[in-house]
$ cat structure08.txt   # compact mmCIF, C-alpha atoms
# COMPACT_ATOMS: atom_id res chain seq x y z
CA MET A 2 -26.26 0.52 10.49
CA GLY A 3 -23.06 2.18 11.57
CA ALA A 4 -20.58 0.73 14.01
CA HIS A 5 -17.99 2.18 16.39
CA TYR A 6 -15.05 0.15 17.72
CA THR A 7 -12.46 1.33 20.20
CA LEU A 8 -8.89 0.17 20.74
CA GLU A 9 -10.15 -1.91 23.67
CA ASP A 10 -12.67 -3.65 21.39
CA ILE A 11 -9.88 -4.50 18.95
CA LEU A 12 -7.61 -5.87 21.67
CA GLU A 13 -10.41 -8.15 22.90
CA MET A 14 -11.18 -9.63 19.48
CA GLU A 15 -10.45 -13.30 18.76
CA PRO A 16 -7.01 -13.27 17.03
CA HIS A 17 -8.10 -14.71 13.66
CA PHE A 18 -11.07 -12.29 13.52
CA ARG A 19 -8.80 -9.39 14.50
CA GLY A 20 -6.29 -10.27 11.78
CA LEU A 21 -8.89 -10.17 9.01
CA PHE A 22 -10.61 -7.11 10.48
CA VAL A 23 -7.58 -4.86 11.11
CA ASN A 24 -5.99 -5.84 7.80
CA SER A 25 -9.13 -4.50 6.09
CA LEU A 26 -8.83 -1.00 7.56
CA SER A 27 -6.03 0.44 5.45
CA GLY A 28 -7.89 -0.12 2.14
CA TYR A 29 -6.62 -1.74 -1.04
CA LYS A 30 -3.09 -3.11 -1.13
CA SER A 31 -0.70 -4.10 -3.86
CA ALA A 32 -0.17 -7.80 -4.62
CA ASN A 33 3.46 -8.74 -5.21
CA LEU A 34 5.69 -11.80 -5.09
CA ILE A 35 9.18 -11.37 -3.66
CA GLY A 36 11.74 -13.67 -5.25
CA THR A 37 15.04 -14.49 -3.55
CA VAL A 38 17.83 -17.06 -3.62
CA ASP A 39 20.28 -18.15 -0.95
CA LYS A 40 24.02 -18.45 -1.48
CA ASN A 41 23.61 -22.15 -2.31
CA GLY A 42 21.14 -21.43 -5.10
CA HIS A 43 17.90 -22.38 -3.29
CA THR A 44 15.12 -20.11 -4.46
CA ASN A 45 12.27 -18.72 -2.38
CA LEU A 46 9.06 -16.91 -3.27
CA SER A 47 6.69 -15.08 -0.95
CA ILE A 48 3.54 -13.02 -1.49
CA VAL A 49 3.44 -9.63 0.22
CA SER A 50 0.71 -6.99 0.38
CA SER A 51 2.81 -4.29 2.03
CA VAL A 52 4.96 -3.02 -0.84
CA VAL A 53 5.04 0.77 -0.67
CA HIS A 54 6.45 3.45 -2.97
CA LEU A 55 9.10 5.47 -1.13
CA GLY A 56 10.42 7.78 -3.84
CA ALA A 57 10.98 8.17 -7.56
CA ASN A 58 14.46 9.72 -7.62
CA PRO A 59 16.24 7.57 -6.71
CA PRO A 60 13.58 4.89 -7.27
CA LEU A 61 13.10 3.42 -3.78
CA ILE A 62 10.55 0.83 -2.77
CA GLY A 63 9.82 -0.72 0.62
CA PHE A 64 7.94 -3.58 2.17
CA ILE A 65 7.13 -4.63 5.72
CA GLN A 66 8.85 -7.78 6.93
CA ARG A 67 6.86 -9.56 9.63
CA PRO A 68 8.77 -10.55 12.78
CA VAL A 69 11.60 -12.71 11.49
CA SER A 70 10.82 -15.37 14.06
CA VAL A 71 7.68 -16.09 12.01
CA ASP A 72 8.95 -16.05 8.46
CA ARG A 73 12.60 -15.61 7.79
CA HIS A 74 13.53 -17.27 4.49
CA THR A 75 12.89 -14.17 2.40
CA TYR A 76 14.60 -11.92 4.93
CA ASP A 77 17.63 -14.20 5.32
CA ASN A 78 18.11 -14.44 1.57
CA ILE A 79 17.85 -10.67 1.05
CA THR A 80 20.36 -9.85 3.74
CA GLU A 81 22.66 -12.66 2.56
CA THR A 82 22.70 -11.75 -1.14
CA ASN A 83 21.61 -8.07 -1.17
CA VAL A 84 19.28 -8.66 -4.12
CA TYR A 85 15.66 -9.63 -4.66
CA THR A 86 12.84 -9.24 -7.14
CA ILE A 87 9.34 -7.79 -6.80
CA ASN A 88 6.88 -9.32 -9.26
CA ALA A 89 3.33 -8.04 -9.69
CA VAL A 90 0.52 -10.57 -9.23
CA SER A 91 -1.83 -10.60 -12.22
CA GLU A 92 -5.23 -12.21 -12.66
CA ASP A 93 -4.02 -15.55 -13.98
CA ILE A 94 -1.59 -16.26 -11.14
CA ILE A 95 -3.62 -15.13 -8.11
CA GLU A 96 -4.26 -18.61 -6.79
CA ARG A 97 -0.65 -19.76 -7.24
CA ALA A 98 0.59 -16.53 -5.66
CA HIS A 99 -1.70 -16.94 -2.63
CA GLN A 100 -0.45 -20.50 -2.19
CA THR A 101 3.11 -19.18 -1.61
CA SER A 102 1.91 -17.97 1.80
CA ALA A 103 1.82 -21.59 3.05
CA ARG A 104 4.65 -22.47 5.44
CA TYR A 105 6.97 -24.48 3.27
CA GLU A 106 10.27 -25.76 4.61
CA LYS A 107 13.43 -23.79 3.88
CA LEU A 108 14.66 -26.14 1.15
CA GLN A 109 11.28 -26.43 -0.56
CA SER A 110 11.05 -23.75 -3.24
CA GLU A 111 7.67 -22.09 -3.55
CA PHE A 112 8.41 -21.84 -7.28
CA ASP A 113 8.16 -25.62 -7.52
CA CYS A 114 5.42 -26.09 -4.94
CA CYS A 115 3.18 -23.40 -6.44
CA ASP A 116 3.77 -24.00 -10.13
CA LEU A 117 5.51 -20.71 -10.93
CA ARG A 118 8.70 -20.53 -12.97
CA PRO A 119 11.90 -18.79 -11.84
CA GLU A 120 13.47 -16.70 -14.57
CA PHE A 121 17.01 -15.34 -14.46
CA LYS A 122 17.74 -12.44 -16.79
CA SER A 123 19.55 -9.10 -17.11
CA SER A 124 22.37 -10.82 -15.22
CA TRP A 125 20.32 -10.22 -12.07
CA PRO A 126 21.22 -12.82 -9.43
CA ALA A 127 17.72 -13.12 -7.90
CA PRO A 128 14.89 -15.02 -9.63
CA PHE A 129 12.07 -13.19 -11.38
CA VAL A 130 8.65 -14.81 -11.74
CA LYS A 131 8.30 -15.68 -15.41
CA GLU A 132 4.50 -15.48 -15.36
CA SER A 133 4.38 -11.93 -13.91
CA PRO A 134 3.75 -9.06 -16.38
CA LEU A 135 5.71 -6.49 -14.31
CA LYS A 136 8.96 -7.55 -12.66
CA LEU A 137 11.43 -5.44 -10.70
CA GLY A 138 15.07 -6.29 -9.94
CA VAL A 139 15.79 -4.64 -6.59
CA SER A 140 19.02 -4.09 -4.63
CA PHE A 141 18.79 -4.14 -0.84
CA GLN A 142 19.60 -0.74 0.68
CA GLN A 143 18.59 -0.70 4.33
CA GLU A 144 16.49 -2.40 6.98
CA ILE A 145 14.78 -0.32 9.63
CA ASP A 146 13.55 -1.94 12.83
CA ILE A 147 10.06 -1.03 13.96
CA GLU A 148 10.49 -1.80 17.63
CA LEU A 149 6.82 -1.25 18.45
CA ASN A 150 5.94 -4.68 17.05
CA GLY A 151 9.11 -6.39 15.87
CA THR A 152 8.53 -5.78 12.16
CA LYS A 153 11.05 -4.24 9.78
CA LEU A 154 10.84 -1.86 6.84
CA ILE A 155 13.01 -3.34 4.09
CA ILE A 156 14.15 -0.69 1.60
CA GLY A 157 15.46 -1.41 -1.88
CA LYS A 158 16.43 0.45 -5.03
CA ILE A 159 14.85 -0.49 -8.35
CA GLU A 160 17.64 -1.53 -10.73
CA HIS A 161 15.70 -3.31 -13.47
CA ILE A 162 12.14 -3.15 -14.74
CA HIS A 163 10.71 -5.77 -17.08
CA LEU A 164 7.28 -4.85 -18.42
CA GLU A 165 5.49 -7.39 -20.58
CA ASN A 166 3.63 -4.87 -22.71
CA SER A 167 5.10 -1.41 -23.25
CA GLU A 168 1.86 -0.21 -24.88
CA VAL A 169 0.32 0.29 -21.44
CA ILE A 170 2.71 3.21 -20.76
CA ALA A 171 1.02 6.56 -21.52
CA PRO A 172 3.08 9.35 -23.16
CA ASP A 173 3.31 11.08 -19.76
CA GLY A 174 4.74 8.02 -17.95
CA HIS A 175 1.56 6.67 -16.30
CA ILE A 176 1.33 2.88 -16.59
CA ASP A 177 -2.23 1.55 -16.92
CA ILE A 178 -1.77 -1.46 -14.66
CA SER A 179 -5.37 -2.53 -15.25
CA ARG A 180 -4.41 -3.46 -18.81
CA ILE A 181 -1.88 -5.99 -17.51
CA ARG A 182 -4.62 -7.23 -15.14
CA LEU A 183 -2.89 -6.58 -11.83
CA ALA A 184 -4.65 -7.66 -8.65
CA ALA A 185 -5.43 -5.56 -5.59
CA ILE A 186 -5.62 -7.22 -2.17
CA SER A 187 -8.12 -6.44 0.56
CA SER A 188 -7.75 -7.75 4.09
CA LEU A 189 -5.62 -10.93 4.17
CA ASP A 190 -7.22 -13.03 1.45
CA GLY A 191 -9.38 -10.96 -0.92
CA TYR A 192 -8.30 -10.37 -4.53
CA SER A 193 -9.91 -7.95 -7.01
CA ILE A 194 -8.99 -6.98 -10.57
CA PRO A 195 -9.73 -3.26 -10.92
CA GLU A 196 -10.85 -1.84 -14.25
CA SER A 197 -9.12 1.04 -16.04
CA PRO A 198 -8.77 4.05 -13.73
CA VAL A 199 -10.14 7.55 -14.09
CA ARG A 200 -7.23 9.98 -14.04
CA TYR A 201 -7.39 13.54 -12.73
CA SER A 202 -5.19 16.51 -13.56
CA TYR A 203 -2.55 17.87 -11.18
CA ALA A 204 -4.47 19.75 -8.48
CA LYS A 205 -3.96 23.49 -7.99
CA PRO A 206 -5.82 25.84 -5.62
CA ASN A 207 -8.96 27.31 -7.18
CA VAL A 208 -8.54 25.48 -10.50
CA PRO A 209 -11.23 22.90 -11.38
CA LEU A 210 -9.89 19.38 -11.92
CA GLN A 211 -10.02 17.83 -15.37
CA GLN A 212 -10.37 14.16 -16.16
CA LEU A 213 -7.46 13.10 -18.30
CA GLY A 214 -8.14 11.22 -21.52
CA LYS A 215 -7.18 7.58 -21.67
CA MET B 12 6.02 -5.68 -27.01
CA GLY B 13 8.04 -6.04 -23.84
CA ALA B 14 10.29 -3.37 -22.41
CA HIS B 15 13.35 -3.36 -20.17
CA TYR B 16 14.46 -0.31 -18.19
CA THR B 17 17.55 -0.02 -16.03
CA LEU B 18 18.27 2.24 -13.08
CA GLU B 19 20.21 4.50 -15.44
CA ASP B 20 17.17 4.80 -17.72
CA ILE B 21 15.04 5.83 -14.73
CA LEU B 22 17.55 8.42 -13.55
CA GLU B 23 17.60 9.99 -17.01
CA MET B 24 13.82 10.31 -17.33
CA GLU B 25 12.18 13.74 -17.37
CA PRO B 26 11.08 14.32 -13.72
CA HIS B 27 7.30 14.49 -14.32
CA PHE B 28 7.42 11.35 -16.48
CA ARG B 29 9.55 9.58 -13.88
CA GLY B 30 7.12 10.48 -11.10
CA LEU B 31 4.14 8.95 -12.90
CA PHE B 32 6.17 5.97 -14.11
CA VAL B 33 7.88 4.93 -10.86
CA ASN B 34 4.71 5.51 -8.84
CA SER B 35 3.02 2.92 -11.08
CA LEU B 36 5.49 0.15 -10.30
CA SER B 37 4.35 -0.87 -6.82
CA GLY B 38 0.80 -1.71 -7.95
CA TYR B 39 -2.51 -0.60 -6.42
CA LYS B 40 -2.45 1.68 -3.40
CA SER B 41 -4.97 2.65 -0.77
CA ALA B 42 -6.69 6.04 -0.98
CA ASN B 43 -6.98 7.84 2.34
CA LEU B 44 -7.43 11.36 3.66
CA ILE B 45 -5.42 12.34 6.74
CA GLY B 46 -7.21 14.84 8.96
CA THR B 47 -5.34 16.98 11.49
CA VAL B 48 -5.75 20.16 13.51
CA ASP B 49 -3.17 22.55 14.94
CA LYS B 50 -3.20 23.81 18.52
CA ASN B 51 -5.14 26.89 17.43
CA GLY B 52 -7.92 24.84 15.91
CA HIS B 53 -6.99 25.20 12.23
CA THR B 54 -7.86 21.98 10.40
CA ASN B 55 -5.91 20.36 7.58
CA LEU B 56 -6.72 17.52 5.20
CA SER B 57 -4.33 15.69 2.87
CA ILE B 58 -4.72 12.73 0.52
CA VAL B 59 -2.12 9.97 0.85
CA SER B 60 -1.60 6.77 -1.11
CA SER B 61 1.07 5.29 1.15
CA VAL B 62 -0.93 4.05 4.14
CA VAL B 63 0.37 0.61 5.09
CA HIS B 64 -0.80 -2.00 7.60
CA LEU B 65 1.94 -2.65 10.18
CA GLY B 66 0.27 -5.02 12.59
CA ALA B 67 -3.04 -6.13 14.08
CA ASN B 68 -2.09 -6.57 17.75
CA PRO B 69 -1.61 -3.82 18.68
CA PRO B 70 -3.34 -2.26 15.65
CA LEU B 71 -0.55 -0.20 14.05
CA ILE B 72 -0.77 1.69 10.79
CA GLY B 73 1.86 3.72 8.96
CA PHE B 74 2.20 6.18 6.12
CA ILE B 75 5.11 7.76 4.30
CA GLN B 76 5.58 11.48 4.86
CA ARG B 77 7.30 13.19 1.95
CA PRO B 78 10.26 15.44 2.79
CA VAL B 79 8.82 17.95 5.22
CA SER B 80 10.34 20.80 3.27
CA VAL B 81 7.72 20.05 0.60
CA ASP B 82 4.57 19.51 2.62
CA ARG B 83 4.64 20.03 6.31
CA HIS B 84 1.18 21.05 7.55
CA THR B 85 0.03 17.49 8.18
CA TYR B 86 3.35 16.53 9.76
CA ASP B 87 3.49 19.64 11.96
CA ASN B 88 -0.03 19.09 13.22
CA ILE B 89 0.55 15.40 14.00
CA THR B 90 3.72 16.04 15.96
CA GLU B 91 2.12 19.03 17.72
CA THR B 92 -1.09 17.30 18.82
CA ASN B 93 -0.19 13.57 18.69
CA VAL B 94 -3.52 12.72 17.04
CA TYR B 95 -4.86 12.41 13.49
CA THR B 96 -7.51 10.62 11.51
CA ILE B 97 -7.30 8.32 8.48
CA ASN B 98 -10.44 8.41 6.34
CA ALA B 99 -11.01 6.06 3.41
CA VAL B 100 -11.75 7.70 0.04
CA SER B 101 -14.94 6.30 -1.51
CA GLU B 102 -16.34 6.67 -5.00
CA ASP B 103 -18.40 9.80 -4.37
CA ILE B 104 -15.55 11.86 -2.90
CA ILE B 105 -12.68 10.94 -5.22
CA GLU B 106 -12.57 14.29 -6.98
CA ARG B 107 -12.77 16.31 -3.75
CA ALA B 108 -10.14 14.08 -2.15
CA HIS B 109 -7.75 14.51 -5.11
CA GLN B 110 -8.20 18.29 -4.89
CA THR B 111 -6.73 18.26 -1.35
CA SER B 112 -3.34 17.61 -2.97
CA ALA B 113 -3.24 21.22 -4.20
CA ARG B 114 -0.82 23.45 -2.29
CA TYR B 115 -3.12 25.48 -0.09
CA GLU B 116 -1.72 27.96 2.39
CA LYS B 117 -1.34 26.89 6.02
CA LEU B 118 -4.42 28.76 7.26
CA GLN B 119 -6.63 27.63 4.38
CA SER B 120 -8.40 24.44 5.42
CA GLU B 121 -8.73 21.82 2.69
CA PHE B 122 -12.05 20.91 4.30
CA ASP B 123 -13.44 24.28 3.22
CA CYS B 124 -11.55 24.53 -0.07
CA CYS B 125 -12.51 21.01 -1.20
CA ASP B 126 -16.10 20.84 0.05
CA LEU B 127 -15.59 18.12 2.67
CA ARG B 128 -16.98 18.40 6.18
CA PRO B 129 -14.91 18.01 9.38
CA GLU B 130 -16.64 15.89 11.99
CA PHE B 131 -15.58 15.69 15.62
CA LYS B 132 -16.81 12.67 17.54
CA SER B 133 -15.85 10.04 20.14
CA SER B 134 -14.13 12.94 21.97
CA TRP B 135 -11.31 12.53 19.45
CA PRO B 136 -9.45 15.84 19.07
CA ALA B 137 -8.64 15.46 15.34
CA PRO B 138 -11.27 15.95 12.62
CA PHE B 139 -12.80 13.00 10.78
CA VAL B 140 -14.13 13.40 7.24
CA LYS B 141 -17.91 13.21 7.55
CA GLU B 142 -18.38 11.90 4.00
CA SER B 143 -15.98 8.93 4.42
CA PRO B 144 -17.57 5.52 5.09
CA LEU B 145 -14.56 4.23 7.08
CA LYS B 146 -12.80 6.56 9.51
CA LEU B 147 -9.97 5.81 11.91
CA GLY B 148 -8.95 7.86 14.95
CA VAL B 149 -5.18 7.37 15.27
CA SER B 150 -2.68 8.29 18.00
CA PHE B 151 0.85 9.18 16.91
CA GLN B 152 3.42 6.65 18.16
CA GLN B 153 6.71 7.21 16.38
CA GLU B 154 8.40 8.79 13.38
CA ILE B 155 11.24 6.99 11.68
CA ASP B 156 13.60 8.91 9.39
CA ILE B 157 14.39 7.32 6.06
CA GLU B 158 17.67 9.04 5.42
CA LEU B 159 18.06 7.64 1.92
CA ASN B 160 15.60 10.20 0.58
CA GLY B 161 14.46 12.44 3.44
CA THR B 162 11.05 10.82 3.88
CA LYS B 163 9.65 9.55 7.18
CA LEU B 164 7.55 6.58 8.22
CA ILE B 165 4.85 7.92 10.54
CA ILE B 166 3.46 5.22 12.82
CA GLY B 167 0.16 5.42 14.67
CA LYS B 168 -2.12 3.24 16.75
CA ILE B 169 -5.76 2.83 15.79
CA GLU B 170 -7.88 4.04 18.72
CA HIS B 171 -11.29 4.44 17.09
CA ILE B 172 -13.00 2.93 14.05
CA HIS B 173 -16.19 4.36 12.60
CA LEU B 174 -17.70 2.18 9.89
CA GLU B 175 -20.76 3.47 8.08
CA ASN B 176 -22.31 0.07 7.43
CA SER B 177 -21.57 -2.82 9.77
CA GLU B 178 -23.25 -5.28 7.38
CA VAL B 179 -20.09 -5.37 5.26
CA ILE B 180 -18.21 -7.20 8.06
CA ALA B 181 -18.21 -10.97 7.46
CA PRO B 182 -18.62 -13.33 10.45
CA ASP B 183 -14.87 -14.05 10.31
CA GLY B 184 -13.85 -10.37 10.50
CA HIS B 185 -13.17 -9.66 6.81
CA ILE B 186 -14.59 -6.29 5.73
CA ASP B 187 -15.83 -6.19 2.13
CA ILE B 188 -14.52 -2.72 1.33
CA SER B 189 -15.93 -2.95 -2.19
CA ARG B 190 -19.44 -2.66 -0.70
CA ILE B 191 -18.56 0.74 0.76
CA ARG B 192 -17.13 1.64 -2.65
CA LEU B 193 -13.55 2.37 -1.63
CA ALA B 194 -11.13 3.61 -4.27
CA ALA B 195 -7.74 2.17 -5.20
CA ILE B 196 -5.03 4.48 -6.54
CA SER B 197 -2.61 3.69 -9.34
CA SER B 198 0.39 5.86 -10.11
CA LEU B 199 -0.16 9.44 -8.90
CA ASP B 200 -3.57 10.27 -10.27
CA GLY B 201 -5.54 7.13 -11.29
CA TYR B 202 -8.60 6.03 -9.31
CA SER B 203 -10.46 2.72 -9.67
CA ILE B 204 -13.39 1.24 -7.75
CA PRO B 205 -12.75 -2.52 -7.48
CA GLU B 206 -15.63 -4.95 -7.42
CA SER B 207 -16.21 -7.54 -4.70
CA PRO B 208 -13.09 -9.67 -4.17
CA VAL B 209 -12.60 -13.39 -4.53
CA ARG B 210 -11.41 -14.77 -1.21
CA TYR B 211 -9.13 -17.79 -0.79
CA SER B 212 -8.69 -20.07 2.19
CA TYR B 213 -5.64 -19.96 4.47
CA ALA B 214 -2.84 -21.62 2.51
CA LYS B 215 -1.18 -24.82 3.79
CA PRO B 216 1.46 -26.94 2.06
CA ASN B 217 -0.04 -29.63 -0.19
CA VAL B 218 -3.65 -28.60 0.51
CA PRO B 219 -5.66 -27.24 -2.44
CA LEU B 220 -7.00 -23.71 -1.91
CA GLN B 221 -10.72 -23.16 -1.62
CA GLN B 222 -12.62 -20.07 -2.68
CA LEU B 223 -14.53 -18.74 0.32
CA GLY B 224 -18.22 -17.97 -0.06
CA LYS B 225 -19.27 -14.35 -0.01

$ encode --input "structure08.txt" --output "structure tokens"
Amino acid sequence: MGAHYTLEDILEMEPHFRGLFVNSLSGYKSANLIGTVDKNGHTNLSIVSSVVHLGANPPLIGFIQRPVSVDRHTYDNITETNVYTINAVSEDIIERAHQTSARYEKLQSEFDCCDLRPEFKSSWPAPFVKESPLKLGVSFQQEIDIELNGTKLIIGKIEHIHLENSEVIAPDGHIDISRIRLAAISSLDGYSIPESPVRYSYAKPNVPLQQLGK
Amino acid sequence: MGAHYTLEDILEMEPHFRGLFVNSLSGYKSANLIGTVDKNGHTNLSIVSSVVHLGANPPLIGFIQRPVSVDRHTYDNITETNVYTINAVSEDIIERAHQTSARYEKLQSEFDCCDLRPEFKSSWPAPFVKESPLKLGVSFQQEIDIELNGTKLIIGKIEHIHLENSEVIAPDGHIDISRIRLAAISSLDGYSIPESPVRYSYAKPNVPLQQLGK
């Protein structure tokens, strides 16, 4: 049976229920681990489901930082060092990645606590996640305050890409992320591993779409 | 075999290749149709893969508007009327939803051109997509310019939710969007239908995670 909820219904929901419910409404989300380090060399790792593509040229990528009163280690490290990494969560590290959302103390590294290995390469000062099949080295560009709810859009430029298996790149540039077993997140705590996608041709008015070969 | 790309490599890519490639890097994306109407009653429908959850209380949702020189019907209608709808793309409307990305003229409605039906209900002035199993009525709150590349973050508040099947809501508020067959997008043109997710318990330091029952 169908259901209709209004804004008033949402505002009256029990907070934990509302969190799971409203987080379900936007659909599937990417699963990524953000790696940072402070100026004393303490590493930090945090799972985020709000990474969003902003543009290809230059390659810009964003994520939503929750109010910094709640969770500020990642934010502090990014604004202190101007670098971070974005590491895709794949099937075999879902549980360890989810565990990084626990509230560890500042000097406890989630790498150690969650059994993931920091990897420094390409002379990039922020730690990659060794176990991730798709790792981005990102330079901090700008933070934009969203005053409506105290969140921030953190914008970075992609400076390095490390892809575990270059065979998943099609001749036209499309990466089949299902073949490196990336996870999609639903709501706050649901993880799926989608199968290989169906691709459609570039849409034009009055021209039937074609499915593209794999 | 592994591959390493630098920013310089990305900037030198052929533009079509770069678009598909860089759009793959953020992982899975939500698939939604944004419905709008202008003050003369002309409807518009546009697929977006950049819808992002911003907060649950109040329920705020954003999407990235490409430079308005490229695609401005949706943007013009939202800023003219202050209302829009966000409609999840499910398995049976993927092809019609993808076709809305073709460049139709301003007075051609993608509803008509792409065989999707506008539905007006809950006294909401913007058109929902009748075929979508999860439809949001959204009020425009704010636009934030991202000067780095001429895009905008469009922020709205969720005022109405229409869910086709209320049985997919768990007692704790989690919506199993796989049971309404929602699509996930990869890169610019790949569509997958994930299966039911594995859910994990709220993470706490030094407490083993539990899988939650379905």

$ closest_residue --input "structure08.txt" --among "A:Gln100, A:Asn88, A:Thr7, A:Asn83" --to "B:Ser212" --atoms "only C-alpha atoms"
A:Gln100

$ interface_residues --input "structure08.txt" --of "chain A" --to "chain B" --cutoff "6 Å" --atoms "all atoms listed in the file" --output "ChimeraX atom specification"
/A:2-8,18,20-23,25,28-31,57,100,103,160-167,173-176,185,190-193,195,198-201,204-206

$ atom_distance --input "structure08.txt" --atom1 "atom CA of A:Gly36" --atom2 "atom CA of A:Pro128"
5.6 Å

$ atom_distance --input "structure08.txt" --atom1 "atom CA of B:Leu127" --atom2 "atom CA of B:Arg192"
17.4 Å

$ closest_residue --input "structure08.txt" --among "B:Ile191, B:Val179, B:Val48, B:Ile165" --to "B:Val94" --atoms "all atoms listed in the file"
B:Val48

$ atom_distance --input "structure08.txt" --atom1 "atom CA of B:His84" --atom2 "atom CA of B:Phe122"
13.6 Å

$ decode --input "structure08.txt" --residues "stretch 18-31 of chain B" --atoms "N, CA and C atoms" --output "PDB file, in the first residue's frame"
ATOM      1  N   LEU B  18      47.013  14.416 -12.523  1.00  0.00           N
ATOM      2  CA  LEU B  18      46.166  15.516 -13.000  1.00  0.00           C
ATOM      3  C   LEU B  18      46.511  15.891 -14.439  1.00  0.00           C
ATOM      4  N   GLU B  19      47.780  15.913 -14.748  1.00  0.00           N
ATOM      5  CA  GLU B  19      48.191  16.271 -16.119  1.00  0.00           C
ATOM      6  C   GLU B  19      47.650  15.260 -17.128  1.00  0.00           C
ATOM      7  N   ASP B  20      47.683  13.985 -16.783  1.00  0.00           N
ATOM      8  CA  ASP B  20      47.114  12.962 -17.677  1.00  0.00           C
ATOM      9  C   ASP B  20      45.629  13.238 -17.931  1.00  0.00           C
ATOM     10  N   ILE B  21      44.912  13.592 -16.855  1.00  0.00           N
ATOM     11  CA  ILE B  21      43.468  13.839 -16.988  1.00  0.00           C
ATOM     12  C   ILE B  21      43.222  15.037 -17.904  1.00  0.00           C
ATOM     13  N   LEU B  22      44.007  16.093 -17.695  1.00  0.00           N
ATOM     14  CA  LEU B  22      43.797  17.317 -18.479  1.00  0.00           C
ATOM     15  C   LEU B  22      44.100  17.107 -19.960  1.00  0.00           C
ATOM     16  N   GLU B  23      44.923  16.106 -20.253  1.00  0.00           N
ATOM     17  CA  GLU B  23      45.268  15.846 -21.663  1.00  0.00           C
ATOM     18  C   GLU B  23      44.342  14.840 -22.338  1.00  0.00           C
ATOM     19  N   MET B  24      43.412  14.271 -21.588  1.00  0.00           N
ATOM     20  CA  MET B  24      42.505  13.279 -22.190  1.00  0.00           C
ATOM     21  C   MET B  24      41.580  13.932 -23.209  1.00  0.00           C
ATOM     22  N   GLU B  25      41.157  13.153 -24.204  1.00  0.00           N
ATOM     23  CA  GLU B  25      40.130  13.601 -25.151  1.00  0.00           C
ATOM     24  C   GLU B  25      38.854  13.865 -24.325  1.00  0.00           C
ATOM     25  N   PRO B  26      38.133  14.966 -24.595  1.00  0.00           N
ATOM     26  CA  PRO B  26      37.039  15.381 -23.704  1.00  0.00           C
ATOM     27  C   PRO B  26      35.956  14.320 -23.456  1.00  0.00           C
ATOM     28  N   HIS B  27      35.537  13.594 -24.468  1.00  0.00           N
ATOM     29  CA  HIS B  27      34.491  12.585 -24.265  1.00  0.00           C
ATOM     30  C   HIS B  27      35.006  11.460 -23.367  1.00  0.00           C
ATOM     31  N   PHE B  28      36.245  11.027 -23.618  1.00  0.00           N
ATOM     32  CA  PHE B  28      36.875  10.003 -22.779  1.00  0.00           C
ATOM     33  C   PHE B  28      36.980  10.502 -21.333  1.00  0.00           C
ATOM     34  N   ARG B  29      37.440  11.748 -21.176  1.00  0.00           N
ATOM     35  CA  ARG B  29      37.596  12.303 -19.830  1.00  0.00           C
ATOM     36  C   ARG B  29      36.261  12.353 -19.088  1.00  0.00           C
ATOM     37  N   GLY B  30      35.191  12.727 -19.799  1.00  0.00           N
ATOM     38  CA  GLY B  30      33.886  12.795 -19.156  1.00  0.00           C
ATOM     39  C   GLY B  30      33.467  11.451 -18.581  1.00  0.00           C
ATOM     40  N   LEU B  31      33.577  10.399 -19.384  1.00  0.00           N
ATOM     41  CA  LEU B  31      33.199   9.064 -18.908  1.00  0.00           C
ATOM     42  C   LEU B  31      34.129   8.598 -17.789  1.00  0.00           C
TER      43      LEU B  31
END
